[in-house]
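Asker: Quick one: structure below, then a few questions.
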Amino acid sequence: MKKFKWRKYNRAIHRDLGYFFVGMSLVYALSGIALNHINDWNPSFIITNKIITLNEVPSADNIQNSDIRELLEYCGENGRFKKFYIPSDSLIKIFIEQGTVTINTKTKQATIEKIQRRPLFHAFNYLHYNPGKIWTFFSDFYAASLIILAISGLFILQGKNGIKWRGTILAGLGIAIIIVLLFLSHYSFT
Amino acid sequence: MKMKKMIFAVVMLSLLIGCSNQQKQETPSITFELSQLEEMAPQFVGKEIVLKGTIDHVCEHGGARMFLVGKTPSERIRIDAGEDMQFDPAWEGNTAYVTGILEELRIDSAYLDKWEQEVRANKGGEAASKVHTGEEGHEKTENNMENELQQIADYRTALYDSGKDYLSFYSVRCLKYQIVEEFDSEKEND
């Protein structure tokens, strides 16, 4: 009886899943790093702020559309706006294309905030947040495949560089780090 | 033959574009203005409503929340994205017609005690009980313990001043939405 060559199939599965999911791995790896540092930067949008001091600011009480257009032109915007509203006595918030202009009527300062999508990362982060059922299905398939990739990877090589020696040490080290970090998290991470 | 196929493709594409444009221009019937919120909300908790408002802010991290405003600063409500939904910061200043379930969060002193405990235990992480208000510049001060403790202290004062046992915070769990982008037109508004 011919011996079942399971290592051959193991390698083939590992290889093909690796090829097939290289795109997904990059999406989740890059967005994962980006989202890990969400407190340090905005991974999806580039936000710029510019402050301009205005000479004259009309009172927020009876401000008209024509006043808003004049203010925007002074700020270097084209005067075209979506809407404006008065969030508080001393603030006028104007919504322009891809941003806002907030005018403090007391300090006469206008803060122009522009927002634009960060190339590549915006798309990757969008996908990371599961935008639809088909994506959820595909990413579940990817997650299940990662389990197969992880386990099949243990048995690719034979001998001392395989699971019998090097594999056990490195895999054990990786798992030990997880356990240690989990243990430490109970006493608070810094 | 090739020409016929091309004509057919162009006609189908035109129909498709025509249909999608038609969908965008269609305005749903409005049943609820933000100015009516405070008065009407208690009767509609747990029910499906249609709400119209200006998008003041969309949370840039993941687009899970947006805030609609009416004509005055007090007319403000949080909209939570439904399943497989992400809001886009580029919508700020646009008019939104949101269909969703009106939800009420009641905050009493026990809730505030729990929230405060979470903030102190998390040391900068987001507390589960945190009330998201989407105030100006909140992304820059998020997960700041001092700010969150100040927010809790403000709610304690508001609770005391209200003379009631709890403060009500209304929000809408979005089921579907329509976004209408309108720019100021000199002829129409002046």
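Every chain in the structure tokens takes a letter, A first, then B, and so on in the order presented; its residues are numbered from 1, and the ligands are numbered from 1 following the presented order.
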Enumerate as a PDB file with N, CA, C and O atoms, in the first residue's frame the residues belonging to chain B that approach chain A to within 8 Å, with only C-alpha atoms taken into account.
Answerer:
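See iface-v2.pdb below for the written result:
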ATOM      1  N   GLU B  60     -13.877  60.566  13.176  1.00  0.00           N
ATOM      2  CA  GLU B  60     -12.905  60.226  12.127  1.00  0.00           C
ATOM      3  C   GLU B  60     -12.330  58.829  12.305  1.00  0.00           C
ATOM      4  O   GLU B  60     -11.814  58.246  11.363  1.00  0.00           O
ATOM      5  N   HIS B  61     -12.387  58.301  13.524  1.00  0.00           N
ATOM      6  CA  HIS B  61     -11.849  56.965  13.755  1.00  0.00           C
ATOM      7  C   HIS B  61     -12.936  55.926  13.500  1.00  0.00           C
ATOM      8  O   HIS B  61     -13.686  55.569  14.384  1.00  0.00           O
ATOM      9  N   GLY B  62     -13.026  55.462  12.285  1.00  0.00           N
ATOM     10  CA  GLY B  62     -13.950  54.372  11.984  1.00  0.00           C
ATOM     11  C   GLY B  62     -15.318  54.801  11.518  1.00  0.00           C
ATOM     12  O   GLY B  62     -16.087  53.970  11.032  1.00  0.00           O
ATOM     13  N   LYS B  71     -31.212  74.007  14.268  1.00  0.00           N
ATOM     14  CA  LYS B  71     -30.962  75.453  14.111  1.00  0.00           C
ATOM     15  C   LYS B  71     -30.245  76.060  15.317  1.00  0.00           C
ATOM     16  O   LYS B  71     -29.553  77.056  15.191  1.00  0.00           O
ATOM     17  N   THR B  72     -30.447  75.488  16.485  1.00  0.00           N
ATOM     18  CA  THR B  72     -29.791  76.016  17.685  1.00  0.00           C
ATOM     19  C   THR B  72     -28.834  74.966  18.263  1.00  0.00           C
ATOM     20  O   THR B  72     -29.001  73.773  17.996  1.00  0.00           O
ATOM     21  N   PRO B  73     -27.833  75.403  19.050  1.00  0.00           N
ATOM     22  CA  PRO B  73     -26.848  74.451  19.578  1.00  0.00           C
ATOM     23  C   PRO B  73     -27.456  73.326  20.414  1.00  0.00           C
ATOM     24  O   PRO B  73     -26.904  72.232  20.476  1.00  0.00           O
ATOM     25  N   ASP B  84     -22.708  47.019   9.514  1.00  0.00           N
ATOM     26  CA  ASP B  84     -22.021  47.178   8.211  1.00  0.00           C
ATOM     27  C   ASP B  84     -22.148  48.608   7.670  1.00  0.00           C
ATOM     28  O   ASP B  84     -22.364  48.810   6.478  1.00  0.00           O
ATOM     29  N   MET B  85     -22.049  49.588   8.523  1.00  0.00           N
ATOM     30  CA  MET B  85     -22.247  50.981   8.111  1.00  0.00           C
ATOM     31  C   MET B  85     -21.067  51.815   8.601  1.00  0.00           C
ATOM     32  O   MET B  85     -20.591  51.610   9.718  1.00  0.00           O
ATOM     33  N   GLN B  86     -20.595  52.696   7.782  1.00  0.00           N
ATOM     34  CA  GLN B  86     -19.552  53.637   8.214  1.00  0.00           C
ATOM     35  C   GLN B  86     -19.907  55.016   7.684  1.00  0.00           C
ATOM     36  O   GLN B  86     -20.233  55.155   6.510  1.00  0.00           O
ATOM     37  N   PRO B  89     -16.443  61.471   7.112  1.00  0.00           N
ATOM     38  CA  PRO B  89     -16.247  62.875   7.536  1.00  0.00           C
ATOM     39  C   PRO B  89     -16.468  63.891   6.408  1.00  0.00           C
ATOM     40  O   PRO B  89     -16.711  65.065   6.683  1.00  0.00           O
ATOM     41  N   ALA B  90     -16.377  63.445   5.154  1.00  0.00           N
ATOM     42  CA  ALA B  90     -16.612  64.370   4.031  1.00  0.00           C
ATOM     43  C   ALA B  90     -18.073  64.838   3.990  1.00  0.00           C
ATOM     44  O   ALA B  90     -18.399  65.789   3.283  1.00  0.00           O
ATOM     45  N   GLU B  92     -19.677  66.177   6.465  1.00  0.00           N
ATOM     46  CA  GLU B  92     -19.928  67.274   7.405  1.00  0.00           C
ATOM     47  C   GLU B  92     -20.470  68.489   6.672  1.00  0.00           C
ATOM     48  O   GLU B  92     -19.911  68.917   5.655  1.00  0.00           O
ATOM     49  N   GLY B  93     -21.551  69.036   7.188  1.00  0.00           N
ATOM     50  CA  GLY B  93     -22.197  70.180   6.553  1.00  0.00           C
ATOM     51  C   GLY B  93     -23.320  69.787   5.603  1.00  0.00           C
ATOM     52  O   GLY B  93     -24.072  70.649   5.155  1.00  0.00           O
ATOM     53  N   ASN B  94     -23.439  68.502   5.312  1.00  0.00           N
ATOM     54  CA  ASN B  94     -24.526  68.044   4.438  1.00  0.00           C
ATOM     55  C   ASN B  94     -25.795  67.791   5.262  1.00  0.00           C
ATOM     56  O   ASN B  94     -25.732  67.635   6.481  1.00  0.00           O
ATOM     57  N   GLU B 181     -26.033  66.742  -0.384  1.00  0.00           N
ATOM     58  CA  GLU B 181     -25.007  67.791  -0.354  1.00  0.00           C
ATOM     59  C   GLU B 181     -25.528  69.012  -1.106  1.00  0.00           C
ATOM     60  O   GLU B 181     -25.900  68.913  -2.269  1.00  0.00           O
ATOM     61  N   GLU B 182     -25.612  70.147  -0.407  1.00  0.00           N
ATOM     62  CA  GLU B 182     -26.095  71.380  -1.044  1.00  0.00           C
ATOM     63  C   GLU B 182     -25.090  72.486  -0.765  1.00  0.00           C
ATOM     64  O   GLU B 182     -24.636  72.639   0.366  1.00  0.00           O
ATOM     65  N   PHE B 183     -24.793  73.251  -1.790  1.00  0.00           N
ATOM     66  CA  PHE B 183     -23.909  74.397  -1.599  1.00  0.00           C
ATOM     67  C   PHE B 183     -24.720  75.674  -1.652  1.00  0.00           C
ATOM     68  O   PHE B 183     -25.747  75.747  -2.339  1.00  0.00           O
ATOM     69  N   ASP B 184     -24.242  76.658  -0.923  1.00  0.00           N
ATOM     70  CA  ASP B 184     -24.899  77.965  -0.918  1.00  0.00           C
ATOM     71  C   ASP B 184     -24.940  78.535  -2.331  1.00  0.00           C
ATOM     72  O   ASP B 184     -23.943  78.490  -3.051  1.00  0.00           O
ATOM     73  N   GLU B 186     -25.821  82.009  -4.398  1.00  0.00           N
ATOM     74  CA  GLU B 186     -26.058  83.445  -4.170  1.00  0.00           C
ATOM     75  C   GLU B 186     -27.477  83.844  -4.532  1.00  0.00           C
ATOM     76  O   GLU B 186     -28.123  84.576  -3.825  1.00  0.00           O
ATOM     77  N   ASN B 189     -30.208  82.299  -1.920  1.00  0.00           N
ATOM     78  CA  ASN B 189     -30.191  82.657  -0.505  1.00  0.00           C
ATOM     79  C   ASN B 189     -30.217  84.154  -0.210  1.00  0.00           C
ATOM     80  O   ASN B 189     -30.464  84.545   0.922  1.00  0.00           O
ATOM     81  N   ASP B 190     -29.822  84.969  -1.194  1.00  0.00           N
ATOM     82  CA  ASP B 190     -29.782  86.397  -0.905  1.00  0.00           C
ATOM     83  C   ASP B 190     -30.958  87.141  -1.536  1.00  0.00           C
ATOM     84  O   ASP B 190     -31.490  86.744  -2.528  1.00  0.00           O
TER      85      ASP B 190
END
Asker: Apply DSSP to the structure's backbone, then extract all residues of chain A labelled strand (DSSP E or B) and return them as a count of residues only.
Answerer: 36
Asker: Report, in Å with one decimal, the straight-line distance from CA of His14 (chain A) to CA of Gly167 (chain A).
Answerer: 16.0 Å
Asker: Neighbouring residues of Ala143 (chain A) were defined as those with any atom within 12 Å, considering only C-alpha atoms; residues of the same chain fewer than 4 positions away were excluded. Please report them as number ranges by chain.
Answerer: A: 17, 21, 24-25, 28, 135-139, 147-150
Asker: Restricting it to C-alpha atoms, dump the selection as a PDB file, in the first residue's frame.
Answerer:
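Printed below is selection.pdb as written:
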ATOM      1  CA  LEU A  17      -3.118  29.803   0.951  1.00  0.00           C
ATOM      2  CA  PHE A  21      -4.074  35.686   0.943  1.00  0.00           C
ATOM      3  CA  MET A  24      -5.442  40.268   2.762  1.00  0.00           C
ATOM      4  CA  SER A  25      -2.355  39.850   4.942  1.00  0.00           C
ATOM      5  CA  TYR A  28      -4.797  43.586   7.870  1.00  0.00           C
ATOM      6  CA  TRP A 135     -16.293  41.257   3.306  1.00  0.00           C
ATOM      7  CA  THR A 136     -17.087  39.689   6.704  1.00  0.00           C
ATOM      8  CA  PHE A 137     -17.508  36.323   4.989  1.00  0.00           C
ATOM      9  CA  PHE A 138     -14.236  36.702   3.085  1.00  0.00           C
ATOM     10  CA  SER A 139     -12.326  37.890   6.161  1.00  0.00           C
ATOM     11  CA  ILE A 147      -5.209  28.998  11.527  1.00  0.00           C
ATOM     12  CA  ILE A 148      -4.432  26.481   8.780  1.00  0.00           C
ATOM     13  CA  LEU A 149      -1.375  28.506   7.720  1.00  0.00           C
ATOM     14  CA  ALA A 150      -0.107  28.645  11.308  1.00  0.00           C
TER      15      ALA A 150
END
Asker: Out of B:Ile77, B:Leu159, B:Leu37, B:Val58, which residue has the shortest atom-to-atom distance to Ala110 (chain B) when counting only C-alpha atoms?
Answerer: B:Leu159
Asker: Set the distance at 12 Å and use only C-alpha atoms: which residues neighbour Leu91 (chain A) once local chain neighbours fewer than 4 positions away are removed? I'd like the list as JSON, numbers by chain.
Answerer: {"A": [57, 58, 59, 60, 61, 63, 84, 85, 86, 87, 101, 102, 103, 104, 105, 106, 107, 108, 109, 110, 111], "B": [73, 136]}
Asker: For each of A:Ile46, A:Ile163, A:Leu157, A:Ile177, take the minimum atom-to-atom distance to Lys8 (chain A), counting only C-alpha atoms, then give the residue where this is smallest.
Answerer: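 Looking at the shortest contact to Lys8 (chain A), the residue is A:Leu157.
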Asker: Quick one: distance from CA of Arg11 (chain A) to CA of Trp165 (chain A) in Å, one decimal?
Answerer: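 Between these atoms lies a distance of 19.1 Å.
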